[in-house]
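K.L.:
Just so it is clear, I am handing over entry.pdb, which has PDB, C-alpha atoms.
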```
ATOM      1  CA  MET E   1     -74.678 -69.748 -68.561  1.00  0.00           C
ATOM      2  CA  PRO E   2     -77.258 -66.963 -69.008  1.00  0.00           C
ATOM      3  CA  ARG E   3     -77.591 -65.423 -72.461  1.00  0.00           C
ATOM      4  CA  THR E   4     -77.738 -61.789 -73.341  1.00  0.00           C
ATOM      5  CA  GLU E   5     -81.330 -60.981 -74.172  1.00  0.00           C
ATOM      6  CA  LEU E   6     -81.982 -59.850 -77.699  1.00  0.00           C
ATOM      7  CA  SER E   7     -83.240 -56.340 -78.315  1.00  0.00           C
ATOM      8  CA  GLY E   8     -84.726 -54.887 -81.467  1.00  0.00           C
ATOM      9  CA  GLU E   9     -82.484 -51.868 -81.171  1.00  0.00           C
ATOM     10  CA  ARG E  10     -79.266 -53.927 -80.958  1.00  0.00           C
ATOM     11  CA  LEU E  11     -80.337 -56.216 -83.786  1.00  0.00           C
ATOM     12  CA  SER E  12     -81.203 -53.212 -85.964  1.00  0.00           C
ATOM     13  CA  HIS E  13     -77.789 -51.703 -85.243  1.00  0.00           C
ATOM     14  CA  GLU E  14     -76.125 -54.994 -86.152  1.00  0.00           C
ATOM     15  CA  ALA E  15     -78.071 -55.037 -89.446  1.00  0.00           C
ATOM     16  CA  ILE E  16     -76.968 -51.473 -90.208  1.00  0.00           C
ATOM     17  CA  LEU E  17     -73.341 -52.479 -89.734  1.00  0.00           C
ATOM     18  CA  SER E  18     -73.910 -55.597 -91.841  1.00  0.00           C
ATOM     19  CA  ALA E  19     -75.438 -53.495 -94.640  1.00  0.00           C
ATOM     20  CA  GLY E  20     -72.431 -51.208 -94.872  1.00  0.00           C
ATOM     21  CA  GLY E  21     -73.968 -48.368 -92.884  1.00  0.00           C
ATOM     22  CA  LEU E  22     -77.351 -48.187 -94.641  1.00  0.00           C
ATOM     23  CA  SER E  23     -79.824 -47.028 -92.025  1.00  0.00           C
ATOM     24  CA  ASP E  24     -83.129 -46.254 -93.781  1.00  0.00           C
ATOM     25  CA  PHE E  25     -85.562 -49.007 -92.805  1.00  0.00           C
ATOM     26  CA  GLY E  26     -88.380 -47.175 -94.599  1.00  0.00           C
ATOM     27  CA  GLY E  27     -90.261 -45.994 -91.562  1.00  0.00           C
ATOM     28  CA  ARG E  28     -90.949 -47.612 -88.235  1.00  0.00           C
ATOM     29  CA  ALA E  29     -93.886 -49.846 -89.105  1.00  0.00           C
ATOM     30  CA  TYR E  30     -91.714 -52.976 -88.814  1.00  0.00           C
ATOM     31  CA  GLU E  31     -90.669 -52.260 -85.215  1.00  0.00           C
ATOM     32  CA  ASP E  32     -93.822 -53.611 -83.561  1.00  0.00           C
ATOM     33  CA  GLY E  33     -93.462 -56.989 -85.291  1.00  0.00           C
ATOM     34  CA  LEU E  34     -89.724 -57.040 -84.587  1.00  0.00           C
ATOM     35  CA  ASN E  35     -90.314 -56.397 -80.899  1.00  0.00           C
ATOM     36  CA  HIS E  36     -92.910 -59.186 -80.702  1.00  0.00           C
ATOM     37  CA  LEU E  37     -90.481 -61.580 -82.375  1.00  0.00           C
ATOM     38  CA  VAL E  38     -87.624 -60.589 -80.068  1.00  0.00           C
ATOM     39  CA  THR E  39     -89.896 -60.999 -77.038  1.00  0.00           C
ATOM     40  CA  ALA E  40     -90.875 -64.489 -78.215  1.00  0.00           C
ATOM     41  CA  VAL E  41     -87.247 -65.552 -78.735  1.00  0.00           C
ATOM     42  CA  ASN E  42     -86.251 -64.150 -75.345  1.00  0.00           C
ATOM     43  CA  ALA E  43     -89.230 -65.867 -73.690  1.00  0.00           C
ATOM     44  CA  THR E  44     -87.972 -69.278 -74.756  1.00  0.00           C
ATOM     45  CA  GLY E  45     -85.219 -68.775 -72.208  1.00  0.00           C
ATOM     46  CA  GLU E  46     -82.929 -71.699 -71.630  1.00  0.00           C
ATOM     47  CA  SER E  47     -85.237 -74.119 -73.463  1.00  0.00           C
ATOM     48  CA  LEU E  48     -83.734 -72.920 -76.755  1.00  0.00           C
ATOM     49  CA  LEU E  49     -80.402 -74.555 -77.500  1.00  0.00           C
ATOM     50  CA  PRO E  50     -77.480 -72.158 -78.050  1.00  0.00           C
ATOM     51  CA  ALA E  51     -77.331 -73.027 -81.756  1.00  0.00           C
ATOM     52  CA  GLY E  52     -81.055 -72.320 -82.103  1.00  0.00           C
ATOM     53  CA  TYR E  53     -80.715 -69.032 -80.258  1.00  0.00           C
ATOM     54  CA  ASP E  54     -77.790 -67.996 -82.496  1.00  0.00           C
ATOM     55  CA  ALA E  55     -79.696 -69.081 -85.616  1.00  0.00           C
ATOM     56  CA  ALA E  56     -82.773 -67.047 -84.600  1.00  0.00           C
ATOM     57  CA  ARG E  57     -80.585 -64.018 -83.908  1.00  0.00           C
ATOM     58  CA  GLY E  58     -78.833 -64.403 -87.263  1.00  0.00           C
ATOM     59  CA  MET E  59     -82.095 -64.818 -89.174  1.00  0.00           C
ATOM     60  CA  ILE E  60     -83.498 -61.634 -87.630  1.00  0.00           C
ATOM     61  CA  VAL E  61     -80.355 -59.655 -88.496  1.00  0.00           C
ATOM     62  CA  ASP E  62     -80.420 -61.064 -92.044  1.00  0.00           C
ATOM     63  CA  ALA E  63     -84.069 -60.049 -92.473  1.00  0.00           C
ATOM     64  CA  LEU E  64     -83.335 -56.543 -91.221  1.00  0.00           C
ATOM     65  CA  ARG E  65     -80.293 -56.273 -93.505  1.00  0.00           C
ATOM     66  CA  ASN E  66     -82.417 -57.404 -96.459  1.00  0.00           C
ATOM     67  CA  ARG E  67     -84.966 -54.698 -95.615  1.00  0.00           C
ATOM     68  CA  LEU E  68     -82.184 -52.098 -95.652  1.00  0.00           C
ATOM     69  CA  LEU E  69     -80.798 -53.355 -98.972  1.00  0.00           C
ATOM     70  CA  LEU E  70     -84.237 -53.485-100.614  1.00  0.00           C
ATOM     71  CA  ARG E  71     -85.071 -49.997 -99.386  1.00  0.00           C
ATOM     72  CA  ASP E  72     -81.756 -48.667-100.693  1.00  0.00           C
ATOM     73  CA  ASN E  73     -82.288 -50.342-104.060  1.00  0.00           C
ATOM     74  CA  ALA E  74     -85.806 -48.895-104.344  1.00  0.00           C
ATOM     75  CA  GLU E  75     -84.456 -45.419-103.530  1.00  0.00           C
ATOM     76  CA  ARG E  76     -81.666 -45.655-106.109  1.00  0.00           C
ATOM     77  CA  HIS E  77     -83.935 -47.175-108.781  1.00  0.00           C
ATOM     78  CA  PRO E  78     -87.499 -45.922-108.179  1.00  0.00           C
ATOM     79  CA  GLN E  79     -88.633 -47.218-111.583  1.00  0.00           C
ATOM     80  CA  ILE E  80     -88.427 -50.753-110.172  1.00  0.00           C
ATOM     81  CA  CYS E  81     -91.568 -50.129-108.150  1.00  0.00           C
ATOM     82  CA  GLN E  82     -93.482 -49.317-111.350  1.00  0.00           C
ATOM     83  CA  ILE E  83     -92.813 -52.678-113.031  1.00  0.00           C
ATOM     84  CA  PRO E  84     -95.856 -54.967-112.720  1.00  0.00           C
ATOM     85  CA  VAL E  85     -95.310 -58.477-111.412  1.00  0.00           C
ATOM     86  CA  SER E  86     -97.768 -60.941-112.877  1.00  0.00           C
ATOM     87  CA  ALA E  87     -98.126 -64.553-111.800  1.00  0.00           C
ATOM     88  CA  PRO E  88     -95.328 -64.679-109.220  1.00  0.00           C
ATOM     89  CA  VAL E  89     -94.109 -68.048-107.965  1.00  0.00           C
ATOM     90  CA  PHE E  90     -93.172 -68.484-104.314  1.00  0.00           C
ATOM     91  CA  ILE E  91     -90.864 -71.334-103.409  1.00  0.00           C
ATOM     92  CA  LEU E  92     -91.446 -72.509 -99.853  1.00  0.00           C
ATOM     93  CA  GLY E  93     -90.126 -75.491 -97.991  1.00  0.00           C
ATOM     94  CA  LEU E  94     -88.381 -76.800 -94.934  1.00  0.00           C
ATOM     95  CA  PRO E  95     -84.616 -76.379 -94.624  1.00  0.00           C
ATOM     96  CA  ARG E  96     -82.575 -78.891 -96.629  1.00  0.00           C
ATOM     97  CA  SER E  97     -85.587 -79.840 -98.777  1.00  0.00           C
ATOM     98  CA  GLY E  98     -84.285 -78.594-102.138  1.00  0.00           C
ATOM     99  CA  THR E  99     -85.838 -75.123-102.289  1.00  0.00           C
ATOM    100  CA  THR E 100     -82.536 -73.424-103.147  1.00  0.00           C
ATOM    101  CA  LEU E 101     -81.871 -75.969-105.880  1.00  0.00           C
ATOM    102  CA  LEU E 102     -85.344 -75.381-107.328  1.00  0.00           C
ATOM    103  CA  HIS E 103     -84.848 -71.607-107.167  1.00  0.00           C
ATOM    104  CA  ASN E 104     -81.488 -71.880-108.944  1.00  0.00           C
ATOM    105  CA  LEU E 105     -82.931 -74.145-111.637  1.00  0.00           C
ATOM    106  CA  LEU E 106     -85.850 -71.815-112.336  1.00  0.00           C
ATOM    107  CA  ALA E 107     -83.486 -68.828-112.406  1.00  0.00           C
ATOM    108  CA  LEU E 108     -81.611 -70.451-115.308  1.00  0.00           C
ATOM    109  CA  HIS E 109     -84.660 -70.357-117.581  1.00  0.00           C
ATOM    110  CA  PRO E 110     -84.262 -67.519-120.114  1.00  0.00           C
ATOM    111  CA  GLN E 111     -87.921 -66.473-119.913  1.00  0.00           C
ATOM    112  CA  LEU E 112     -88.061 -66.315-116.108  1.00  0.00           C
ATOM    113  CA  ARG E 113     -86.633 -63.810-113.680  1.00  0.00           C
ATOM    114  CA  ALA E 114     -85.527 -64.585-110.164  1.00  0.00           C
ATOM    115  CA  PRO E 115     -84.153 -62.338-107.443  1.00  0.00           C
ATOM    116  CA  ARG E 116     -80.451 -62.615-106.878  1.00  0.00           C
ATOM    117  CA  PRO E 117     -79.615 -64.017-103.463  1.00  0.00           C
ATOM    118  CA  VAL E 118     -78.138 -61.586-100.956  1.00  0.00           C
ATOM    119  CA  PRO E 119     -74.640 -62.806-100.094  1.00  0.00           C
ATOM    120  CA  SER E 120     -74.459 -64.022 -96.522  1.00  0.00           C
ATOM    121  CA  GLN E 121     -71.676 -62.834 -94.315  1.00  0.00           C
TER     122      GLN E 121
END
```
Rewrite the coordinates I just gave you, this time as structure tokens.
P.N.:
Amino acid sequence: MPRTELSGERLSHEAILSAGGLSDFGGRAYEDGLNHLVTAVNATGESLLPAGYDAARGMIVDALRNRLLLRDNAERHPQICQIPVSAPVFILGLPRSGTTLLHNLLALHPQLRAPRPVPSQ
């Protein structure tokens, strides 16, 4: 069964709905990258399993929603952008490899700060 092709515009609209109507993406600089990503996912055609296609779609919407939420937070609290970040730690890893556990453990330390996770829908 043929899939509906993804479009940056539809995914952005879905993210806006997911973010409670927030619509300020902070300019249009992200659109070129989004369109390249959408083109790449669409180009995989039927070789991408339905679960993989749905996961890619969901990850793109989540990333767009996060952009909206971060932009909104920066607008409501502009002083955040003035706080220096020294020696950041980035936790990277494959799915199911313990990165969330490590993040949660580090977040418990009283002298460290960690971003709160955005609740998934």
K.L.:
Would you mind listing what lies within 7 Å of Gly8 of chain E as a list in words, with all atoms listed in the file counted and same-chain residues fewer than 6 positions away left out?
P.N.:
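Close residues of Gly8 of chain E: Leu34, Asn35 and Val38 of chain E.
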K.L.:
Written as a VMD selection string, what is the full residue list that the PyMOL selection byres ((chain E and resi 59-75) around 6) yields on the file shown?
P.N.:
chain E and resid 11 15 19 25 56 to 58 76 to 78
K.L.:
Quick one: 4 Å padding each side, axis-aligned, all listed atoms of segment 30-33 of chain E - centre and edge lengths in Å to one decimal, as lines of an AutoDock Vina configuration file?
P.N.:
```
center_x = -92.2
center_y = -54.6
center_z = -86.2
size_x = 11.2
size_y = 12.7
size_z = 13.3
```
K.L.:
Which residue out of E:Ala55, E:Ala43, E:Leu102, E:Ile80 has the minimum interatomic distance to Glu5 of chain E when all atoms listed in the file are used?
P.N.:
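Ranked by minimum distance to Glu5 of chain E, first place goes to E:Ala43.
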K.L.:
Looking at E:Gln82, E:Ser12, E:Ser23, E:Thr100, which one is nearest to Pro115 of chain E, with distances taken over only C-alpha atoms?
P.N.:
E:Thr100
K.L.:
To one decimal place, how far is atom CA of Leu94 of chain E from atom CA of Glu14 of chain E in Å?
P.N.:
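Going from atom CA of Leu94 of chain E over to atom CA of Glu14 of chain E covers 26.5 Å.
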K.L.:
Please identify all polymer residues within 8 Å of segment 83-93 of chain E, counting all atoms listed in the file, omitting same-chain residues fewer than 5 positions from it, and present them as a PyMOL selection string.
P.N.:
chain E and resi 98-99+102-103
K.L.:
Pick out the closest residue to Ala40 of chain E from this set: E:Leu6, E:Asn104, E:Leu17, E:Pro110. Count all atoms listed in the file.
P.N.:
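Smallest separation from Ala40 of chain E among the options: E:Leu6.
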K.L.:
Work out how far atom CA of Asp54 of chain E is from atom CA of Asn42 of chain E, in Å to one decimal.
P.N.:
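These two atoms are separated by 11.7 Å.
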K.L.:
Which is closest to Tyr53 of chain E among E:Cys81, E:Arg3, E:Gly26, E:Gly21, if we use only C-alpha atoms?
P.N.:
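Looking only at the distances to Tyr53 of chain E, the closest residue turns out to be E:Arg3.
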K.L.:
What does the structure give for the distance between atom CA of Asp24 of chain E and atom CA of Gly52 of chain E, in Å to one decimal?
P.N.:
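It comes out at 28.6 Å.
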K.L.:
So, counting all atoms listed in the file, which residue among E:Arg116, E:His109, E:His36, E:Arg28 is closest to Ser7 of chain E?
P.N.:
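That would be E:His36, the residue with the smallest distance to Ser7 of chain E.
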